[in-house]
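A quick write-up on the structure given underneath.
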Amino acid sequence: MSNANIYIALEQSILVNNKKVTLDDIATIFCVNKDINVDIRKIKLHQFTDSEQDYAVISVMKIIEQISLKYKDANVTSIGSPETIVYYRNTTPTKKYSQTLKSIGLMLLTFFGTAFSIMSYNGDVGSDELLQRLYFLFTGTEVTTASPALLPGILSYSLGLGLGMIIFFNHGLNHNSVNDPTPLQVQMRLYETEVNQSIITDSSRKGKTIDVD
């Protein structure tokens, strides 16, 4: 029984909602022996004290150490990340309401920030003058930037800009033949990976990683 083969796989990061972190919360575990499989899932690895949010970096060596304390002759094999970042978030109803308000505020800031950036860009490149020249090219009539005659061109440009962004970020079709990630999703995953790696490196340098003694 004690010579069982135990396989564990860690993700680079994971979110938990319980202050008490067990092995089952952060790792995928496999062991042919069902009793050992159930028992090691209950091993406590960390206890968060912050009431709202916090994070901890746990090394796979710490996990192997804790398993070996219970099953000294067990063969533990790690096939995942060497460290994992455990993010703790309080998800009580009050906190959920607060998070919803924060999300709405963030969306509003993003919307108006993007709108301001686009307007600033149009001012820098002289979009009004370009529309005037295009109108003169097709009609032979000169107009001012405040002329209602430019309204079709402005509307076409606005609709084309929005449609172009939707198509570029691959959100225009709900029934894709392949479920490929969008360019925005790819960049977000790269950013997430870099942030996680920075947290792991900083935690190691500061000696805050939960590791073997």
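The way I read the labels, and the way they are meant: chains A, B, ... in the order of the structure tokens, residue 1 as the first residue of every chain, and ligand 1 as the first ligand shown, with later ones counted on from there.
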Quick one: residues within 12 Å of stretch 202-209 of chain A, only C-alpha atoms, excluding same-chain residues fewer than 3 positions away - as a PDB file with C-alpha atoms, in the first residue's frame?
```pdb
ATOM      1  CA  HIS A  46      -1.715  26.670   3.326  1.00  0.00           C
ATOM      2  CA  TYR A  55      -2.049  34.877  -3.073  1.00  0.00           C
ATOM      3  CA  ALA A  56       0.646  32.335  -2.243  1.00  0.00           C
ATOM      4  CA  VAL A  57       3.267  30.499  -4.280  1.00  0.00           C
ATOM      5  CA  ILE A  58       3.514  26.789  -3.454  1.00  0.00           C
ATOM      6  CA  SER A  59       6.365  24.608  -4.678  1.00  0.00           C
ATOM      7  CA  VAL A  60       5.761  21.058  -5.863  1.00  0.00           C
ATOM      8  CA  MET A  61       8.581  20.005  -3.537  1.00  0.00           C
ATOM      9  CA  LYS A  62       6.440  21.080  -0.571  1.00  0.00           C
ATOM     10  CA  PRO A  82       7.174  23.173 -10.555  1.00  0.00           C
ATOM     11  CA  GLU A  83       5.319  25.962  -8.731  1.00  0.00           C
ATOM     12  CA  THR A  84       1.742  27.133  -8.615  1.00  0.00           C
ATOM     13  CA  ILE A  85       0.294  30.507  -7.672  1.00  0.00           C
ATOM     14  CA  VAL A  86      -2.797  30.115  -5.510  1.00  0.00           C
ATOM     15  CA  VAL A 195       2.607  38.134 -14.694  1.00  0.00           C
ATOM     16  CA  ASN A 196       2.567  34.669 -13.124  1.00  0.00           C
ATOM     17  CA  GLN A 197       6.243  34.145 -13.910  1.00  0.00           C
ATOM     18  CA  SER A 198       7.116  37.530 -12.377  1.00  0.00           C
ATOM     19  CA  ILE A 199       5.186  36.670  -9.201  1.00  0.00           C
ATOM     20  CA  VAL A 212      10.703  22.514   1.750  1.00  0.00           C
ATOM     21  CA  ASP A 213      12.950  23.700   4.591  1.00  0.00           C
TER      22      ASP A 213
END
```
Using only C-alpha atoms, determine which residues lie at most 10 Å from A:Lys42, disregarding the query and same-chain residues fewer than 5 positions distant; provide the list as a PDB file with N, CA and C atoms, in the first residue's frame.
```pdb
ATOM      1  N   VAL A  21      -6.361  25.840   2.081  1.00  0.00           N
ATOM      2  CA  VAL A  21      -5.974  25.283   0.787  1.00  0.00           C
ATOM      3  C   VAL A  21      -5.500  23.852   0.981  1.00  0.00           C
ATOM      4  N   THR A  22      -6.173  22.918   0.326  1.00  0.00           N
ATOM      5  CA  THR A  22      -5.774  21.520   0.369  1.00  0.00           C
ATOM      6  C   THR A  22      -5.188  21.116  -0.983  1.00  0.00           C
ATOM      7  N   LEU A  23      -4.589  19.949  -1.013  1.00  0.00           N
ATOM      8  CA  LEU A  23      -3.980  19.467  -2.250  1.00  0.00           C
ATOM      9  C   LEU A  23      -5.023  19.297  -3.352  1.00  0.00           C
ATOM     10  N   ASP A  24      -6.215  18.903  -2.975  1.00  0.00           N
ATOM     11  CA  ASP A  24      -7.279  18.708  -3.955  1.00  0.00           C
ATOM     12  C   ASP A  24      -7.678  20.018  -4.637  1.00  0.00           C
ATOM     13  N   ASP A  25      -7.461  21.165  -3.951  1.00  0.00           N
ATOM     14  CA  ASP A  25      -7.838  22.469  -4.493  1.00  0.00           C
ATOM     15  C   ASP A  25      -6.918  22.923  -5.621  1.00  0.00           C
ATOM     16  N   ASN A  37      -5.598   7.812  -2.733  1.00  0.00           N
ATOM     17  CA  ASN A  37      -6.047   8.903  -3.594  1.00  0.00           C
ATOM     18  C   ASN A  37      -6.959   9.860  -2.836  1.00  0.00           C
TER      19      ASN A  37
END
```
Give me, please, the distance in Å between atom CA of A:Thr91 and atom CA of A:Ile43, quoted to one decimal.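 Atom CA of A:Thr91 sits 23.2 Å away from atom CA of A:Ile43.
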**Report entry** Test item, strand (DSSP E or B) assignment across stretch 2-177 of chain A, answer as a VMD selection string
**Finding:** chain A and resid 5 to 10 13 to 16 20 to 22 27 to 31 44 to 47 53 to 59 75 to 78 83 to 89
* Using only C-alpha atoms, find the one residue out of A:Asn5, A:Ser98, A:Ser127, A:Gln132 that sits nearest to A:Pro148. =>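 Result for the nearest residue to A:Pro148: A:Gln132.
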Exercise. Suppose you want the space between atom CA of A:Lys44 and atom CA of A:Asn75; what is it in Å?
Worked result: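 Straight-line distance from atom CA of A:Lys44 to atom CA of A:Asn75 works out to 19.6 Å.
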